[in-house]
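To start, the structure itself, in structure tokens.
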Number of protein chains: 2
Amino acid sequence: MESPPHATASASADEMPSIWKEQHAQDAPRGFVPPMGPGEVAAVESLLGYEFGDKALVEEALTHGSFYYPYRPGVTYERLEYLGDAVLTCVVSRAVFLTYGQLQPGPLTRLRAANVDKEKLARVAVVHGLHHFLRHKAPNLDGQITDFIEELSMYPIHSNGLLDPPKVLCDVVESLIGAIYCDSNFNQEIVWQVFQKLADPLISLETLGKHPVSELFEFCQKTHRGVKIVKDEWDKNLTVEVLIDGEMVGRATYAQKKEIAQNRAAKAALDKLKETLGQSQTEPMSGEVSEQFNKMDLAGSF
Amino acid sequence: MESPPHATASASADEMPSIWKEQHAQDAPRGFVPPMGPGEVAAVESLLGYEFGDKALVEEALTHGSFYYPYRPGVTYERLEYLGDAVLTCVVSRAVFLTYGQLQPGPLTRLRAANVDKEKLARVAVVHGLHHFLRHKAPNLDGQITDFIEELSMYPIHSNGLLDPPKVLCDVVESLIGAIYCDSNFNQEIVWQVFQKLADPLISLETLGKHPVSELFEFCQKTHRGVKIVKDEWDKNLTVEVLIDGEMVGRATYAQKKEIAQNRAAKAALDKLKETLGQSQTEPMSGEVSEQFNKMDLAGSF
């Protein structure tokens, strides 16, 4: 049987122990969870630069469903995450709209997306240490966060698809923003002030990079090269390869997600192309090709 | 060469004559377009229930890129559409969040989506006659709108994927909302007041239907039937068929989009199943199956 195309999946539920989901989700009593201490709440408020009227919202925003294990979950951060996602998109849309008064919808949308995507928000969580206050019992999650923080050091600026942040880091920034939106009686200006500081520096048109796959295809189209991304073998060897005019010029191995392997392979191919063209810059054809690279900054392509 | 997975397409640009795009997009002068008359602006304000301080925003919100044909387009509604989409999602998210204080993120998201999706907003445009004020020169667009309005009469309530509204109808509601957001100095309360009236009645948990494909798969899973949607022949005969336990029980033909054909085929199969089960309600097995249908209201499935 094919799976329904509109089924929804909850990443946070996926991270809970499956035995808990099977045995307890339906009929176990609501579990008691220890409240956050006032010191912890104050620390989070200090990190956010916002003092809550309703302190319970801080606890709610930081409580992952797994925290109730082995009981049926009570209040978790998911409703606040839903709300925070929406208001964040709105205030960032407005900021981009006002900052770039002539910019067309394509780059407007890409700028907005880069400033609220999983990687950007996960960086915000880690930079400000918000993840230390996350309340969860999901096995592996702390390890995933540690691995992500290690990988971050290799990508000091937004990687455009080369990193694989744990979704919970992004969720918790959205839920805290949702909590501020609620607590401030739905004041967008306060949300924007808080987020602007947390997310500083925001990604601008000048610092917005390109997705490596888009950049690779665009470059190959402009320079009349044939490109093929070979993903079929990933199931066996966790590796994706990039062929340019039939020759393998980039490859990457990533076990958890095929898409990340693909993006890293594209980046490897681009790096290789740039290195090769840099080495032979005196040749006319290569000069022309280097020029194509220079023209490919995002601002100029719209 | 494979196409890049992150390429963006502009539907409104697609609707413009290709010869115009090729010959004029890059270097033709900005075209003169006649301004909207004060009477037209006042009529739109009356339909929206909002009086603009900056009347030029009304004109901008209603001007499609094709209106500048044969010249390079000037200001079009696309930036306001981008902004309106974001603020609309925000205020509707908040409304759903506040109305359903205990609802989980899955149904919250589905309720929000149904109230701001292409079909709902296209209905808003048509019900209030906003499409009469759209400024465009796209060939076929008026015909597409007329066809859509005709089809609407067959689906008095939200069809959940059975209708194929012209994107421009949804765009223009978003751009007008974006214009109001701008004009009101980014006042989300005013946006919400206007939209609430325009979109009345909003879709509630009680009136939120299911997507026919999801409903079909869910039903077949619960009643241990094998289901297969056959889409491979659509390229040839524009038809999609639904097989249940190997037997064809629903089919639909739709030329413009395979997805609509698929959704309509799923709906036809569901209707057929319900009819068949209704006819044999006295049989115990059918009774059990009918009960499965009754249990499948959305509120109960989360």
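Residues are referred to by chain and number: the chain letter is A, B, ... according to the order shown in the structure tokens, the number counts from 1 in that chain, and ligands are numbered separately from 1 in the order shown.
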In region 50-293 of chain B, DSSP strand (DSSP E) residues written as a list of chain:residue names: B:Val227, B:Lys228, B:Ile229, B:Val230, B:Thr239, B:Val240, B:Glu241, B:Val242, B:Leu243, B:Ile244, B:Glu247, B:Met248, B:Val249, B:Gly250, B:Arg251, B:Ala252, B:Thr253
Region 35-213 of chain A: residues DSSP assigns to alpha helix (DSSP H), reported as a PyMOL selection string: chain A and resi 38-48+56-61+78-99+105-116+118-127+141-152+167-183+188-198+212-213
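For the set B:Leu273, B:Ala138, B:Ile177, B:Val249, the residue with the smallest atom-to-atom gap to Phe52 (chain B) is B:Ile177, counting only C-alpha atoms.
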Within 12 Å of region 191-194 of chain A using only C-alpha atoms, minus same-chain residues under 2 positions, as a ChimeraX atom specification: /A:45-51,83-95,124,173-189,196-200,202
Test item: residues at most 7 Å from Pro105 (chain A), only C-alpha atoms, excluding those fewer than 4 positions along its chain, as a PyMOL selection string: (chain A and resi 109) or (chain B and resi 78-79+82)
Grab the residues selected above and save them as a compact mmCIF listing (two decimals), in the first residue's frame with N, CA, C and O atoms.
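See out.txt below for the written result:
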```
# COMPACT_ATOMS: atom_id res chain seq x y z
N THR A 109 11.91 36.28 -0.48
CA THR A 109 11.53 35.00 0.13
C THR A 109 12.76 34.22 0.59
O THR A 109 12.76 33.61 1.66
N GLU B 78 3.44 41.79 -6.45
CA GLU B 78 4.14 40.63 -5.88
C GLU B 78 4.80 40.89 -4.52
O GLU B 78 4.84 40.00 -3.68
N ARG B 79 5.34 42.08 -4.32
CA ARG B 79 5.95 42.37 -3.02
C ARG B 79 4.87 42.42 -1.92
O ARG B 79 5.05 41.92 -0.82
N TYR B 82 3.77 38.91 -1.03
CA TYR B 82 4.74 38.28 -0.12
C TYR B 82 4.47 38.70 1.33
O TYR B 82 4.44 37.88 2.24
```
Proximity to Lys228 (chain B) - best of B:Gln144, B:Gln104, B:Ser66, B:Gln262, only C-alpha atoms: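 Going through B:Gln144, B:Gln104, B:Ser66, B:Gln262 one by one, the smallest distance to Lys228 (chain B) is for B:Gln262.
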Atomic separation - CA of Ile229 (chain B) relative to CA of Asp147 (chain B), Å: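 Value for the CA of Asp147 (chain B)-CA of Ile229 (chain B) distance: 27.0 Å.
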